[in-house]
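Raw contents of final_35.pdb, PDB, C-alpha atoms:
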```
ATOM      1  CA  MET Q   1       6.734 -13.784   8.885
ATOM      2  CA  LEU Q   2       7.516 -10.376   7.411
ATOM      3  CA  LEU Q   3       4.580  -7.937   7.500
ATOM      4  CA  SER Q   4       4.707  -4.772   5.416
ATOM      5  CA  LEU Q   5       2.549  -1.732   4.678
ATOM      6  CA  ALA Q   6       1.254  -1.523   1.115
ATOM      7  CA  PRO Q   7       1.636   1.556  -1.064
ATOM      8  CA  MET Q   8      -1.839   3.137  -1.280
ATOM      9  CA  GLU Q   9      -1.984   6.474  -3.050
ATOM     10  CA  GLY Q  10      -3.336   9.216  -0.789
ATOM     11  CA  VAL Q  11      -3.726   6.815   2.147
ATOM     12  CA  THR Q  12      -0.506   5.192   3.434
ATOM     13  CA  GLY Q  13       1.815   8.134   2.983
ATOM     14  CA  SER Q  14       4.448   9.395   5.386
ATOM     15  CA  VAL Q  15       1.912  10.851   7.847
ATOM     16  CA  PHE Q  16       0.012   7.576   8.138
ATOM     17  CA  ARG Q  17       3.226   5.556   8.463
ATOM     18  CA  ARG Q  18       4.562   7.677  11.311
ATOM     19  CA  VAL Q  19       1.320   7.798  13.275
ATOM     20  CA  HIS Q  20       0.660   4.097  12.850
ATOM     21  CA  ALA Q  21       4.151   3.229  14.075
ATOM     22  CA  VAL Q  22       3.727   5.411  17.171
ATOM     23  CA  CYS Q  23       0.300   4.039  18.067
ATOM     24  CA  PHE Q  24       0.558   0.386  17.069
ATOM     25  CA  GLY Q  25       4.229  -0.298  16.478
ATOM     26  CA  ALA Q  26       6.125  -0.223  13.211
ATOM     27  CA  LEU Q  27       5.606  -2.972  10.665
ATOM     28  CA  ASP Q  28       8.679  -4.742   9.366
ATOM     29  CA  ARG Q  29       8.673  -2.695   6.174
ATOM     30  CA  CYS Q  30       6.718   0.134   4.532
ATOM     31  CA  TYR Q  31       6.378   0.901   0.821
ATOM     32  CA  THR Q  32       5.727   4.481  -0.211
ATOM     33  CA  PRO Q  33       2.746   5.269  -2.402
ATOM     34  CA  PHE Q  34       4.134   5.626  -5.909
ATOM     35  CA  VAL Q  35       6.199   8.653  -6.817
ATOM     36  CA  ALA Q  36       7.126   9.672 -10.328
ATOM     37  CA  PRO Q  37      10.881   9.947 -10.945
ATOM     38  CA  PRO Q  38      12.171  13.429 -11.696
ATOM     39  CA  ARG Q  39      13.632  14.157 -15.097
ATOM     40  CA  VAL Q  40      17.203  13.024 -15.504
ATOM     41  CA  GLY Q  41      19.457  15.645 -13.938
ATOM     42  CA  SER Q  42      16.710  16.985 -11.642
ATOM     43  CA  ALA Q  43      15.963  16.325  -7.980
ATOM     44  CA  PHE Q  44      12.874  15.031  -6.242
ATOM     45  CA  GLY Q  45      10.728  17.894  -5.050
ATOM     46  CA  GLY Q  46       7.408  18.867  -3.541
ATOM     47  CA  LYS Q  47       5.045  16.020  -2.710
ATOM     48  CA  ALA Q  48       7.601  13.363  -3.669
ATOM     49  CA  MET Q  49      10.169  14.754  -1.271
ATOM     50  CA  LYS Q  50       7.647  14.664   1.571
ATOM     51  CA  GLU Q  51       7.369  10.927   0.986
ATOM     52  CA  LEU Q  52      11.080  10.325   0.596
ATOM     53  CA  ASP Q  53      12.729  12.672   3.099
ATOM     54  CA  PRO Q  54      14.747  10.300   5.342
ATOM     55  CA  GLU Q  55      13.998  12.411   8.410
ATOM     56  CA  ARG Q  56      10.258  11.885   7.938
ATOM     57  CA  ASN Q  57      10.859   8.139   7.681
ATOM     58  CA  ALA Q  58      13.282   7.836  10.586
ATOM     59  CA  GLY Q  59      12.951   4.570  12.486
ATOM     60  CA  LEU Q  60      11.062   2.841   9.664
ATOM     61  CA  ASP Q  61      12.310   0.428   7.002
ATOM     62  CA  VAL Q  62      10.953   2.231   3.946
ATOM     63  CA  VAL Q  63      11.121   1.132   0.307
ATOM     64  CA  PRO Q  64      10.324   3.857  -2.231
ATOM     65  CA  GLN Q  65       8.023   2.850  -5.089
ATOM     66  CA  LEU Q  66       8.468   4.416  -8.527
ATOM     67  CA  LEU Q  67       5.809   4.768 -11.223
ATOM     68  CA  THR Q  68       7.429   4.997 -14.640
ATOM     69  CA  LYS Q  69       7.998   3.268 -17.965
ATOM     70  CA  ASP Q  70      11.237   5.140 -18.630
ATOM     71  CA  ALA Q  71      14.423   3.218 -17.774
ATOM     72  CA  ASP Q  72      16.589   6.351 -17.803
ATOM     73  CA  GLU Q  73      14.349   8.108 -15.302
ATOM     74  CA  PHE Q  74      14.149   5.002 -13.126
ATOM     75  CA  ALA Q  75      17.924   4.602 -13.057
ATOM     76  CA  TRP Q  76      18.430   8.289 -12.281
ATOM     77  CA  ALA Q  77      15.853   8.187  -9.476
ATOM     78  CA  ALA Q  78      17.468   5.044  -8.061
ATOM     79  CA  GLU Q  79      20.794   6.898  -7.875
ATOM     80  CA  LEU Q  80      19.137   9.732  -5.954
ATOM     81  CA  LEU Q  81      17.466   7.261  -3.612
ATOM     82  CA  ALA Q  82      20.753   5.461  -2.992
ATOM     83  CA  GLU Q  83      22.377   8.778  -2.079
ATOM     84  CA  MET Q  84      19.517   9.359   0.403
ATOM     85  CA  GLY Q  85      20.325   6.040   2.078
ATOM     86  CA  TYR Q  86      17.630   3.798   0.628
ATOM     87  CA  ARG Q  87      18.601   0.163   0.108
ATOM     88  CA  GLU Q  88      15.900  -0.959  -2.332
ATOM     89  CA  VAL Q  89      13.587   0.540  -4.938
ATOM     90  CA  ASN Q  90      10.255  -0.889  -6.081
ATOM     91  CA  LEU Q  91       8.708  -0.675  -9.558
ATOM     92  CA  ASN Q  92       4.924  -0.276  -9.693
ATOM     93  CA  LEU Q  93       3.303  -2.703 -12.137
ATOM     94  CA  GLY Q  94       0.027  -2.851 -10.268
ATOM     95  CA  CYS Q  95      -1.752   0.515 -10.299
ATOM     96  CA  PRO Q  96      -5.074  -0.016 -12.146
ATOM     97  CA  SER Q  97      -6.001   3.678 -12.519
ATOM     98  CA  GLY Q  98      -7.321   4.471 -15.970
ATOM     99  CA  THR Q  99      -5.136   7.543 -16.428
ATOM    100  CA  VAL Q 100      -2.022   5.646 -15.314
ATOM    101  CA  VAL Q 101      -2.736   2.640 -17.544
ATOM    102  CA  ALA Q 102      -3.500   4.858 -20.543
ATOM    103  CA  LYS Q 103       0.035   6.249 -20.274
ATOM    104  CA  GLY Q 104       1.520   2.752 -20.250
ATOM    105  CA  ARG Q 105       2.557   2.892 -16.617
ATOM    106  CA  GLY Q 106       1.521   0.842 -13.591
ATOM    107  CA  SER Q 107      -0.400  -2.235 -14.707
ATOM    108  CA  GLY Q 108      -0.379  -0.753 -18.219
ATOM    109  CA  LEU Q 109       3.184  -2.094 -18.500
ATOM    110  CA  LEU Q 110       1.781  -5.638 -18.367
ATOM    111  CA  ARG Q 111       0.257  -5.271 -21.842
ATOM    112  CA  ASP Q 112       3.562  -5.874 -23.598
ATOM    113  CA  PRO Q 113       5.711  -8.615 -22.015
ATOM    114  CA  ALA Q 114       8.561  -8.057 -24.477
ATOM    115  CA  ALA Q 115       8.788  -4.363 -23.630
ATOM    116  CA  LEU Q 116       8.544  -5.190 -19.928
ATOM    117  CA  ASP Q 117      11.370  -7.700 -20.315
ATOM    118  CA  ALA Q 118      13.565  -5.017 -21.880
ATOM    119  CA  LEU Q 119      12.661  -2.464 -19.194
ATOM    120  CA  LEU Q 120      13.446  -4.845 -16.334
ATOM    121  CA  GLY Q 121      16.744  -5.842 -17.896
ATOM    122  CA  ASP Q 122      17.728  -2.206 -18.224
ATOM    123  CA  VAL Q 123      16.709  -1.029 -14.756
ATOM    124  CA  CYS Q 124      18.143  -4.061 -12.949
ATOM    125  CA  ALA Q 125      21.476  -3.565 -14.715
ATOM    126  CA  ARG Q 126      21.676   0.164 -14.038
ATOM    127  CA  SER Q 127      20.138   0.626 -10.605
ATOM    128  CA  PRO Q 128      22.744   1.065  -7.846
ATOM    129  CA  ILE Q 129      20.329  -0.571  -5.352
ATOM    130  CA  PRO Q 130      18.286  -3.784  -5.664
ATOM    131  CA  VAL Q 131      15.037  -3.583  -7.638
ATOM    132  CA  SER Q 132      11.808  -5.208  -6.470
ATOM    133  CA  VAL Q 133       8.495  -5.301  -8.337
ATOM    134  CA  LYS Q 134       4.844  -5.183  -7.284
ATOM    135  CA  THR Q 135       2.617  -6.687  -9.953
ATOM    136  CA  ARG Q 136      -0.836  -7.856 -10.926
ATOM    137  CA  LEU Q 137      -1.525 -10.943 -13.019
ATOM    138  CA  GLY Q 138      -2.192  -9.061 -16.236
ATOM    139  CA  ILE Q 139      -4.683  -6.714 -17.825
ATOM    140  CA  ALA Q 140      -7.808  -8.772 -18.414
ATOM    141  CA  ASP Q 141      -7.129 -12.489 -18.099
ATOM    142  CA  ASP Q 142      -5.282 -14.654 -15.561
ATOM    143  CA  ALA Q 143      -3.742 -16.568 -18.461
ATOM    144  CA  GLU Q 144      -1.558 -13.548 -19.203
ATOM    145  CA  TYR Q 145       0.435 -14.248 -16.065
ATOM    146  CA  GLU Q 146       2.173 -17.332 -17.455
ATOM    147  CA  GLN Q 147       4.197 -15.217 -19.876
ATOM    148  CA  LEU Q 148       4.658 -12.403 -17.366
ATOM    149  CA  LEU Q 149       6.020 -14.762 -14.730
ATOM    150  CA  GLU Q 150       8.460 -16.125 -17.285
ATOM    151  CA  VAL Q 151       9.653 -12.561 -17.880
ATOM    152  CA  PHE Q 152      10.058 -11.857 -14.163
ATOM    153  CA  CYS Q 153      12.057 -15.043 -13.654
ATOM    154  CA  HIS Q 154      14.633 -13.825 -16.204
ATOM    155  CA  HIS Q 155      15.745 -10.974 -13.946
ATOM    156  CA  PRO Q 156      17.598 -10.693 -10.612
ATOM    157  CA  LEU Q 157      14.742  -9.078  -8.704
ATOM    158  CA  ALA Q 158      15.139  -8.373  -5.015
ATOM    159  CA  GLU Q 159      11.530  -9.540  -4.596
ATOM    160  CA  LEU Q 160       8.290  -9.977  -6.541
ATOM    161  CA  ILE Q 161       5.151  -8.861  -4.701
ATOM    162  CA  VAL Q 162       2.082 -10.487  -6.237
ATOM    163  CA  HIS Q 163      -1.388  -8.977  -6.027
ATOM    164  CA  PRO Q 164      -3.307 -11.841  -7.668
ATOM    165  CA  ARG Q 165      -5.913  -9.869  -9.558
ATOM    166  CA  VAL Q 166      -5.874  -8.507 -13.097
ATOM    167  CA  ARG Q 167      -6.112  -4.826 -13.863
ATOM    168  CA  GLN Q 168      -9.798  -5.031 -14.834
ATOM    169  CA  ASP Q 169     -10.654  -6.442 -11.404
ATOM    170  CA  PHE Q 170      -9.426  -3.306  -9.646
ATOM    171  CA  TYR Q 171     -10.034  -4.533  -6.054
ATOM    172  CA  LYS Q 172     -13.155  -6.622  -6.628
ATOM    173  CA  GLY Q 173     -13.611 -10.360  -6.635
ATOM    174  CA  VAL Q 174     -11.563 -13.043  -4.944
ATOM    175  CA  PRO Q 175      -7.754 -12.954  -5.381
ATOM    176  CA  ARG Q 176      -6.459 -15.868  -7.483
ATOM    177  CA  GLN Q 177      -4.078 -17.238  -4.914
ATOM    178  CA  ALA Q 178      -3.092 -20.163  -7.138
ATOM    179  CA  ALA Q 179      -1.054 -17.720  -9.233
ATOM    180  CA  TYR Q 180       0.779 -16.648  -6.092
ATOM    181  CA  GLY Q 181       1.448 -20.305  -5.292
ATOM    182  CA  GLU Q 182       2.833 -20.863  -8.770
ATOM    183  CA  THR Q 183       5.137 -17.886  -8.281
ATOM    184  CA  LEU Q 184       6.403 -19.301  -4.991
ATOM    185  CA  ALA Q 185       7.198 -22.578  -6.739
ATOM    186  CA  ARG Q 186       8.961 -21.117  -9.763
ATOM    187  CA  ALA Q 187      10.593 -17.821  -8.852
ATOM    188  CA  PRO Q 188      14.359 -17.782  -8.186
ATOM    189  CA  PHE Q 189      13.961 -14.736  -5.928
ATOM    190  CA  PRO Q 190      11.876 -13.944  -2.801
ATOM    191  CA  VAL Q 191       8.112 -13.652  -3.295
ATOM    192  CA  ALA Q 192       5.524 -11.715  -1.279
ATOM    193  CA  TYR Q 193       1.735 -11.860  -1.181
ATOM    194  CA  ASN Q 194      -0.673  -8.900  -1.240
ATOM    195  CA  GLY Q 195      -4.454  -9.031  -1.332
ATOM    196  CA  ASP Q 196      -7.458  -9.231   1.009
ATOM    197  CA  ILE Q 197      -5.762 -10.060   4.301
ATOM    198  CA  PHE Q 198      -8.281  -8.610   6.739
ATOM    199  CA  SER Q 199      -8.065 -10.999   9.703
ATOM    200  CA  PRO Q 200      -5.933 -13.691  11.343
ATOM    201  CA  ASP Q 201      -8.188 -16.270   9.690
ATOM    202  CA  ASP Q 202      -7.302 -14.857   6.256
ATOM    203  CA  LEU Q 203      -3.594 -15.175   6.991
ATOM    204  CA  ARG Q 204      -4.025 -18.638   8.466
ATOM    205  CA  SER Q 205      -5.808 -19.835   5.331
ATOM    206  CA  LEU Q 206      -3.099 -18.381   3.095
ATOM    207  CA  VAL Q 207      -0.271 -20.019   5.033
ATOM    208  CA  GLU Q 208      -2.066 -23.356   5.245
ATOM    209  CA  ALA Q 209      -2.449 -23.337   1.459
ATOM    210  CA  TYR Q 210       1.060 -21.979   0.794
ATOM    211  CA  PRO Q 211       3.393 -22.831   3.707
ATOM    212  CA  ALA Q 212       6.380 -21.213   1.984
ATOM    213  CA  THR Q 213       4.799 -17.770   2.533
ATOM    214  CA  ARG Q 214       7.374 -15.503   4.162
ATOM    215  CA  HIS Q 215       6.183 -11.938   3.456
ATOM    216  CA  VAL Q 216       2.635 -10.581   3.467
ATOM    217  CA  MET Q 217       1.864  -7.011   2.457
ATOM    218  CA  LEU Q 218      -1.107  -5.385   4.198
ATOM    219  CA  GLY Q 219      -3.167  -2.693   2.483
ATOM    220  CA  ARG Q 220      -6.857  -2.020   2.985
ATOM    221  CA  GLY Q 221      -6.926  -4.427   5.929
ATOM    222  CA  ILE Q 222      -4.528  -2.444   8.083
ATOM    223  CA  VAL Q 223      -5.903   0.932   7.020
ATOM    224  CA  ALA Q 224      -9.326  -0.248   8.172
ATOM    225  CA  ASN Q 225      -8.000  -1.933  11.309
ATOM    226  CA  PRO Q 226      -4.715  -0.393  12.460
ATOM    227  CA  ALA Q 227      -4.213  -3.175  15.030
ATOM    228  CA  LEU Q 228      -4.229  -5.837  12.307
ATOM    229  CA  GLY Q 229      -0.453  -6.307  12.342
ATOM    230  CA  ARG Q 230      -0.363  -7.286  15.998
ATOM    231  CA  MET Q 231      -3.519  -9.396  15.630
ATOM    232  CA  LEU Q 232      -1.811 -11.418  12.907
ATOM    233  CA  ARG Q 233       0.928 -12.143  15.438
ATOM    234  CA  GLY Q 234      -1.527 -13.382  18.052
ATOM    235  CA  SER Q 235      -2.178 -10.205  20.020
ATOM    236  CA  GLN Q 236      -5.355  -8.268  20.776
ATOM    237  CA  PRO Q 237      -7.642  -6.068  18.653
ATOM    238  CA  ALA Q 238      -7.626  -2.321  19.210
ATOM    239  CA  THR Q 239      -9.533  -0.996  22.183
ATOM    240  CA  LEU Q 240     -11.816   2.001  21.765
ATOM    241  CA  ALA Q 241      -9.229   4.164  23.550
ATOM    242  CA  GLU Q 242      -6.458   2.993  21.218
ATOM    243  CA  LEU Q 243      -8.554   3.631  18.148
ATOM    244  CA  ARG Q 244      -9.480   7.088  19.426
ATOM    245  CA  ARG Q 245      -5.835   7.908  20.083
ATOM    246  CA  PHE Q 246      -4.850   6.736  16.602
ATOM    247  CA  HIS Q 247      -7.638   8.788  15.022
ATOM    248  CA  ASP Q 248      -6.726  11.923  16.941
ATOM    249  CA  GLU Q 249      -2.997  11.610  16.220
ATOM    250  CA  LEU Q 250      -3.701  11.034  12.532
ATOM    251  CA  PHE Q 251      -6.142  13.931  12.233
ATOM    252  CA  HIS Q 252      -3.854  16.414  13.964
ATOM    253  CA  ALA Q 253      -0.865  15.266  11.909
ATOM    254  CA  TYR Q 254      -2.869  15.827   8.724
ATOM    255  CA  GLU Q 255      -3.966  19.248   9.998
ATOM    256  CA  ALA Q 256      -0.322  20.197  10.483
ATOM    257  CA  GLU Q 257       0.500  18.892   7.011
ATOM    258  CA  ILE Q 258      -2.440  19.998   4.828
ATOM    259  CA  GLY Q 259      -4.574  22.317   6.970
ATOM    260  CA  GLY Q 260      -8.302  22.331   6.226
ATOM    261  CA  ASN Q 261      -8.025  19.450   3.784
ATOM    262  CA  ALA Q 262      -7.378  17.159   6.759
ATOM    263  CA  VAL Q 263     -11.132  16.635   7.151
ATOM    264  CA  PHE Q 264     -11.421  15.211   3.650
ATOM    265  CA  ARG Q 265      -8.345  13.030   4.118
ATOM    266  CA  MET Q 266      -9.881  11.659   7.318
ATOM    267  CA  LYS Q 267     -13.148  10.941   5.539
ATOM    268  CA  GLU Q 268     -11.169   8.745   3.177
ATOM    269  CA  TRP Q 269      -9.720   6.879   6.163
ATOM    270  CA  TRP Q 270     -13.197   6.443   7.649
ATOM    271  CA  SER Q 271     -14.389   4.836   4.394
ATOM    272  CA  TYR Q 272     -12.151   1.927   5.411
ATOM    273  CA  ALA Q 273     -12.281   2.238   9.202
ATOM    274  CA  GLU Q 274     -16.026   2.509   9.737
ATOM    275  CA  GLY Q 275     -16.133  -1.289   9.827
ATOM    276  CA  ASN Q 276     -14.472  -1.206  13.252
ATOM    277  CA  PHE Q 277     -17.841  -0.111  14.644
ATOM    278  CA  ALA Q 278     -20.983  -2.135  15.228
ATOM    279  CA  ASP Q 279     -23.036   0.305  13.124
ATOM    280  CA  PRO Q 280     -20.886   1.510  10.182
ATOM    281  CA  LEU Q 281     -23.861   3.308   8.649
ATOM    282  CA  ALA Q 282     -24.226   5.464  11.762
ATOM    283  CA  VAL Q 283     -20.555   6.425  11.468
ATOM    284  CA  ARG Q 284     -20.984   7.284   7.801
ATOM    285  CA  ARG Q 285     -24.041   9.427   8.461
ATOM    286  CA  ALA Q 286     -22.323  11.257  11.297
ATOM    287  CA  ILE Q 287     -19.460  12.541   9.146
ATOM    288  CA  ARG Q 288     -20.957  12.573   5.660
ATOM    289  CA  LYS Q 289     -21.880  16.266   5.480
ATOM    290  CA  VAL Q 290     -19.275  17.881   7.730
ATOM    291  CA  ARG Q 291     -16.782  20.228   6.092
ATOM    292  CA  LYS Q 292     -15.135  22.288   8.830
ATOM    293  CA  ALA Q 293     -12.695  20.897  11.372
ATOM    294  CA  SER Q 294     -14.904  21.958  14.295
ATOM    295  CA  GLU Q 295     -17.927  20.179  12.799
ATOM    296  CA  TYR Q 296     -15.833  17.117  12.134
ATOM    297  CA  GLU Q 297     -14.435  16.924  15.648
ATOM    298  CA  ALA Q 298     -17.909  17.255  17.161
ATOM    299  CA  ALA Q 299     -19.244  14.488  14.910
ATOM    300  CA  ILE Q 300     -16.354  12.165  15.750
ATOM    301  CA  ALA Q 301     -16.776  12.790  19.468
ATOM    302  CA  ARG Q 302     -20.371  11.561  19.113
ATOM    303  CA  VAL Q 303     -19.237   8.489  17.175
ATOM    304  CA  PHE Q 304     -16.730   7.424  19.814
ATOM    305  CA  LEU Q 305     -19.230   8.110  22.592
ATOM    306  CA  GLN Q 306     -22.338   6.543  21.083
ATOM    307  CA  VAL Q 307     -21.333   3.814  18.612
ATOM    308  CA  PRO Q 308     -19.801   0.650  20.129
ATOM    309  CA  LEU Q 309     -16.979  -1.261  18.507
ATOM    310  CA  ALA Q 310     -17.792  -4.320  16.439
ATOM    311  CA  THR Q 311     -16.879  -7.681  17.913
ATOM    312  CA  ARG Q 312     -13.635  -9.048  16.481
TER     313      ARG Q 312
END
```

File written out as structure tokens:
Amino acid sequence: MLLSLAPMEGVTGSVFRRVHAVCFGALDRCYTPFVAPPRVGSAFGGKAMKELDPERNAGLDVVPQLLTKDADEFAWAAELLAEMGYREVNLNLGCPSGTVVAKGRGSGLLRDPAALDALLGDVCARSPIPVSVKTRLGIADDAEYEQLLEVFCHHPLAELIVHPRVRQDFYKGVPRQAAYGETLARAPFPVAYNGDIFSPDDLRSLVEAYPATRHVMLGRGIVANPALGRMLRGSQPATLAELRRFHDELFHAYEAEIGGNAVFRMKEWWSYAEGNFADPLAVRRAIRKVRKASEYEAAIARVFLQVPLATR
């Protein structure tokens, strides 16, 4: 079973990937949070380059994800990525953000299957490296997926990663796994599953229902519980010492990268990770009002000393 790290904007970037690999072992594959292609003739720069710099991703199997509706920009970016040594590029058709969708990107591309068909034909023909896609089921209704799946099956995708929710769901409700099963049955290319895998029981249920499952992408589950990958392979949950080490490595890496903003980035991580503790509310209260690094470190020391881990 292939296990990969999902692209989560502001969460699973290059810092998180590196620290997680050091502390808990690298997953089989990692997808970058989406980056916008540069204009044709220009290079990646700034924040995008921090994600894509091969040196920052050394030792990891990384697939860059692009957010665009422009075939020319996609093809140009794919050329740049190929020159950097990447062997696959992923097109984001899943981002549900209102600003992204309003611009016809991310899951906004699912509104018009004919236009999507044309875009995929163009980028698959022109990209020098294989093209994979991460998608939702549609904008508002599961029924939209029938036509979308037909479109996907027309193209030589490297892989289709299915997050079985529609855009209007965001991340709420139960994933419609039947749509994933239909994709497994019909697609002429590899298929991956993404959505609400938080425990070995979740994976077991998925595989029992769909035995052909070969690739599962982990998002919120592994951000919340960084030992999830090894637990899915039959190993042990994180100990308190391991979780403390991971936290400290992540915090100091963010400090080196973004200075004082590291506290706020760590608060975002805690919004997922507080569930590792028996009293998540106590964790939340401990860090809610801190702003300075010194205040944060003192609060976290109290959390690790006073709040026991939840039973897993």

Review point. So how far away is atom CA of Q:Leu309 from atom CA of Q:Trp269, in Å?
Key: 16.5 Å

How big is the axis-aligned box around the listed atoms of stretch 212-215 of chain Q once 5 Å is added on each side, and where is its centre? Give both in Å to one decimal, as AutoDock Vina command-line options.
```
--center_x 6.1 --center_y -16.6 --center_z 3.1 --size_x 12.6 --size_y 19.3 --size_z 12.2
```

Practice item. Counting only C-alpha atoms, figure out which residue out of Q:Asn90, Q:Gly181, Q:Leu110, Q:Gln168 gets nearest to Q:Glu208. Key: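 Smallest distance to Q:Glu208 is found for Q:Gly181.
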
Return as a Markdown table the residues of stretch 220-306 of chain Q lying at most 10 Å from stretch 13-32 of chain Q, together with the closest atom-to-atom pair for each and the distance in Å to one decimal, counting all atoms listed in the file, with rows in chain order and ascending residue number.
```
| residue | atom | partner | partner_atom | distance |
| --- | --- | --- | --- | --- |
| Q:Ile222 | CA | Q:His20 | CA | 9.6 |
| Q:Val223 | CA | Q:Phe16 | CA | 9.0 |
| Q:Pro226 | CA | Q:His20 | CA | 7.0 |
| Q:Ala227 | CA | Q:Phe24 | CA | 6.3 |
| Q:Leu228 | CA | Q:Phe24 | CA | 9.2 |
| Q:Gly229 | CA | Q:Leu27 | CA | 7.1 |
| Q:Arg230 | CA | Q:Phe24 | CA | 7.8 |
| Q:Ala238 | CA | Q:Phe24 | CA | 8.9 |
| Q:Glu242 | CA | Q:Cys23 | CA | 7.5 |
| Q:Leu243 | CA | Q:Cys23 | CA | 8.9 |
| Q:Arg245 | CA | Q:Cys23 | CA | 7.5 |
| Q:Phe246 | CA | Q:Cys23 | CA | 6.0 |
| Q:His247 | CA | Q:Val19 | CA | 9.2 |
| Q:Asp248 | CA | Q:Val19 | CA | 9.8 |
| Q:Glu249 | CA | Q:Val19 | CA | 6.5 |
| Q:Leu250 | CA | Q:Val19 | CA | 6.0 |
| Q:Phe251 | CA | Q:Val15 | CA | 9.7 |
| Q:Ala253 | CA | Q:Val15 | CA | 6.6 |
| Q:Tyr254 | CA | Q:Val15 | CA | 7.0 |
| Q:Ala256 | CA | Q:Val15 | CA | 10.0 |
| Q:Glu257 | CA | Q:Val15 | CA | 8.2 |
| Q:Trp269 | CA | Q:Phe16 | CA | 10.0 |
```

Practice item. Name the residues in contact with stretch 130-134 of chain Q at a cut-off of 8 Å, using all atoms listed in the file, excluding same-chain residues fewer than 5 positions from it; report them as a count of residues only. Key: 17

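Within the 9 Å cut-off around Q:Leu120, using all atoms listed in the file and omitting residues fewer than 5 positions from it on the same chain, the listed residues are Ala71, Ala115, Ala125, Val131, Val151, Phe152, His155 and Leu157 of chain Q.
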
Review point. So, counting all atoms listed in the file, which residue among Q:Arg136, Q:Arg105, Q:His252, Q:His154 is closest to Q:Asp117?
Key: Q:His154
